Structures are given as structure tokens and as C-alpha cells.
Amino acid sequence: MSEITFDGQTHTLTLRDRSGHVVGTWAANNRTDNRATLPFVPNRDYAVQDSVAPNRHGAEDTANGEYGTQGIVRFNVPGHDGIGIHAGRQITPDRTPERGIGPDHVTMGCIRTTEDALTAIANTMRADPVTTVRVVNNRNQRR
């Protein structure tokens with residue numbers, strides 16, 4: 001079973017296959033909107049809800065949409081349904097002073113990464129289900 005690690009200090013997302021080999025590492029962030037009920041994802045291991053394919057949202061699945069072209073890989077954060085890893089907002093800046101785009105665009109609690117990352121995750125999970133999301137070195141980056 002494969003595993004995803006988000007490092008909040010280096011702002012990276014790493015996918016490892018069932019043998020522990022790194023499939024890839026990409027830019028990612030957990031910057032949250034000041035209206036989000038979850039200011040950041042706490043450091044720990046989480047069980048993945050969507051282990052064999054990302055959850056899709058249909059018409060919203062565009063590179064500039066809320067979740068990106070591949071959808072979202074949700075994981076179980078106690079008290080916060082729908083938290084996951086997704087791409088999206090590749091060219092539209094957010095409303096913060098930093099005007100983040102892509103992985104730096106704010107979310108409502110989720111970890112945002114690149115389209116390339118989500119494509120690799122989706123391709124890997126078809127043959128090697130993702131069972132764990134590990135969050136390390138994360139802290140509040142609320143905007």
C-alpha cells in the first residue's frame with residue numbers, strides 16, 4: 001500500500017509506493033482561508049477515504065477549478081469532513097495579500113498541490129492503493 005507525506009516546513013508532498021520507493025515529490029501547501037473551520041492539518045498519520053481513486057466533482061474538475069482535474073483524495077481528519085489533497089486554482093490568485101496561486105492558493109483546510117502530483121497519485125493508486133496520509137512539520141499558516 002502506498003503512502004503520501006506532506007511536509008509543512010518544506011512545503012512538499014511525497015508519494016511512496018508499497019516498497020517505500022519515492023514515486024515523486026511536488027510542491028504543496030496547507031495555507032487556509034481565515035473562514036476555514038480547520039486552520040491547518042495537525043501532524044499525524046491519517047487513514048485515506050479515497051484509496052483507489054480520487055473523489056471527482058464533475059464539471060468543477062478543471063486545472064483552475066477548486067479541486068483540479070483529478071479531484072480530491074480525502075482522508076479522515078476527526079471533526080472535519082471532506083479534508084483532503086487536491087490541486088486546482090492554477091492561474092487564479094486568491095484574495096490574500098500574497099495572491100497565492102496553484103499550491104499556494106488558500107483552501108478551506110485542505111492540502112493543495114500540483115496537477116502533476118495529483119495525476120501521479122491517481123495513476124499510482126489504481127494498482128497500489130494509498131492507505132495513509134502522513135503530515136509532518138505542519139503549522140498554522142492561516143491567511
# chains A, B, ... in the order shown; residues from 1 in each chain; ligands from 1

$ residues_around --residues "Ala63 (chain A)" --least-positions-apart "4" --cutoff "6 Å" --atoms "only C-alpha atoms" --output "list in words"
Gly68, Thr69, Gly88 and Gln90 of chain A

$ residues_around --residues "Leu15 (chain A)" --least-positions-apart "2" --cutoff "8 Å" --atoms "only C-alpha atoms" --output "PyMOL selection string"
chain A and resi 2-5+13+17+22-25+121

$ residues_around --residues "Phe6 (chain A)" --least-positions-apart "2" --cutoff "9 Å" --atoms "only C-alpha atoms" --output "ChimeraX atom specification"
/A:4,8,10-14,28-29,111,133-138

$ write_last_selection --atoms "C-alpha atoms" --output "compact mmCIF listing (two decimals), in the first residue's frame"
# COMPACT_ATOMS: atom_id res chain seq x y z
CA ILE A 4 1.62 10.25 0.91
CA GLY A 8 4.60 21.64 6.15
CA THR A 10 9.46 22.24 3.16
CA HIS A 11 6.01 22.64 1.53
CA THR A 12 6.34 19.34 -0.29
CA LEU A 13 4.19 16.31 -0.94
CA THR A 14 5.94 12.96 -1.42
CA ALA A 28 2.26 21.57 -1.76
CA ASN A 29 0.85 23.83 0.91
CA ILE A 111 -3.60 20.48 1.34
CA VAL A 133 -1.51 10.43 4.56
CA ARG A 134 1.28 11.44 6.93
CA VAL A 135 1.51 15.12 7.94
CA VAL A 136 4.79 16.31 9.45
CA ASN A 137 6.28 19.69 10.43
CA ASN A 138 2.96 21.46 9.79

$ residues_around --residues "Ala87 (chain A)" --least-positions-apart "5" --cutoff "9 Å" --atoms "only C-alpha atoms" --output "short mmCIF file (atom, residue, chain, number, x, y, z; two decimals) with N, CA and C atoms, in the first residue's frame"
data_model
loop_
_atom_site.label_atom_id
_atom_site.label_comp_id
_atom_site.auth_asym_id
_atom_site.auth_seq_id
_atom_site.Cartn_x
_atom_site.Cartn_y
_atom_site.Cartn_z
N ALA A 28 3.57 21.67 -2.41
CA ALA A 28 2.26 21.57 -1.76
C ALA A 28 2.20 22.56 -0.61
N ALA A 63 -8.21 22.50 -14.35
CA ALA A 63 -6.94 22.91 -13.72
C ALA A 63 -7.13 24.16 -12.87
N ASN A 64 -8.06 25.01 -13.24
CA ASN A 64 -8.28 26.23 -12.48
C ASN A 64 -9.49 26.11 -11.54
N GLY A 65 -10.13 24.95 -11.53
CA GLY A 65 -11.27 24.73 -10.64
C GLY A 65 -10.82 24.56 -9.20
N GLU A 66 -11.78 24.37 -8.34
CA GLU A 66 -11.50 24.28 -6.91
C GLU A 66 -10.60 23.10 -6.55
N TYR A 67 -10.77 21.96 -7.25
CA TYR A 67 -10.03 20.75 -6.90
C TYR A 67 -9.04 20.28 -7.95
N GLY A 68 -9.02 20.87 -9.12
CA GLY A 68 -8.13 20.43 -10.18
C GLY A 68 -8.76 19.35 -11.04
N THR A 69 -8.02 18.87 -12.02
CA THR A 69 -8.56 17.92 -12.99
C THR A 69 -8.76 16.51 -12.45
N GLN A 70 -8.04 16.16 -11.39
CA GLN A 70 -8.09 14.78 -10.88
C GLN A 70 -9.03 14.59 -9.70
N GLY A 71 -9.59 15.67 -9.14
CA GLY A 71 -10.45 15.54 -7.96
C GLY A 71 -9.64 15.63 -6.67
N ILE A 72 -10.15 15.02 -5.61
CA ILE A 72 -9.57 15.13 -4.27
C ILE A 72 -9.38 13.75 -3.65
N GLY A 102 -1.98 28.18 -7.58
CA GLY A 102 -1.54 26.79 -7.54
C GLY A 102 -1.44 26.28 -6.13
N PRO A 103 -0.37 25.60 -5.75
CA PRO A 103 -0.24 25.03 -4.41
C PRO A 103 -0.30 26.08 -3.29
N ILE A 111 -4.96 20.32 1.84
CA ILE A 111 -3.60 20.48 1.34
C ILE A 111 -3.72 20.60 -0.18
N ARG A 112 -3.17 21.68 -0.73
CA ARG A 112 -3.24 21.88 -2.18
C ARG A 112 -1.86 21.61 -2.77
N THR A 113 -1.85 20.91 -3.91
CA THR A 113 -0.61 20.57 -4.59
C THR A 113 -0.75 20.86 -6.08
N THR A 114 0.06 20.23 -6.89
CA THR A 114 0.08 20.49 -8.32
C THR A 114 -0.75 19.46 -9.09
N GLU A 115 -1.08 19.81 -10.32
CA GLU A 115 -1.77 18.88 -11.21
C GLU A 115 -0.89 17.64 -11.45
N ASP A 116 0.42 17.84 -11.62
CA ASP A 116 1.33 16.71 -11.84
C ASP A 116 1.30 15.74 -10.66
N ALA A 117 1.26 16.27 -9.44
CA ALA A 117 1.21 15.42 -8.25
C ALA A 117 -0.06 14.59 -8.22
N LEU A 118 -1.21 15.24 -8.44
CA LEU A 118 -2.47 14.52 -8.39
C LEU A 118 -2.59 13.49 -9.52
#

$ closest_residue --among "A:Cys110, A:Met1, A:Val48, A:Val41" --to "Thr124 (chain A)" --atoms "only C-alpha atoms"
A:Met1

$ residues_around --residues "Gly84 (chain A)" --least-positions-apart "2" --cutoff "6 Å" --atoms "only C-alpha atoms" --output "ChimeraX atom specification"
/A:73-75,110

$ select_by_dssp --residues "chain A" --states "strand (DSSP E or B)" --output "VMD selection string"
chain A and resid 2 to 7 12 to 16 22 to 29 32 44 to 48 55 72 to 75 77 80 84 to 86 107 111 to 113 130 to 136

$ residues_around --residues "Ser51 (chain A)" --least-positions-apart "4" --cutoff "7 Å" --atoms "only C-alpha atoms" --output "PyMOL selection string"
chain A and resi 125+129-131

$ atom_distance --atom1 "CA of Gly20 (chain A)" --atom2 "CA of Thr132 (chain A)"
12.5 Å

$ closest_residue --among "A:Gln9, A:Thr96, A:Asn76, A:Thr119" --to "Ala47 (chain A)" --atoms "only C-alpha atoms"
A:Asn76

$ atom_distance --atom1 "CA of Asp81 (chain A)" --atom2 "CA of Gly109 (chain A)"
10.2 Å
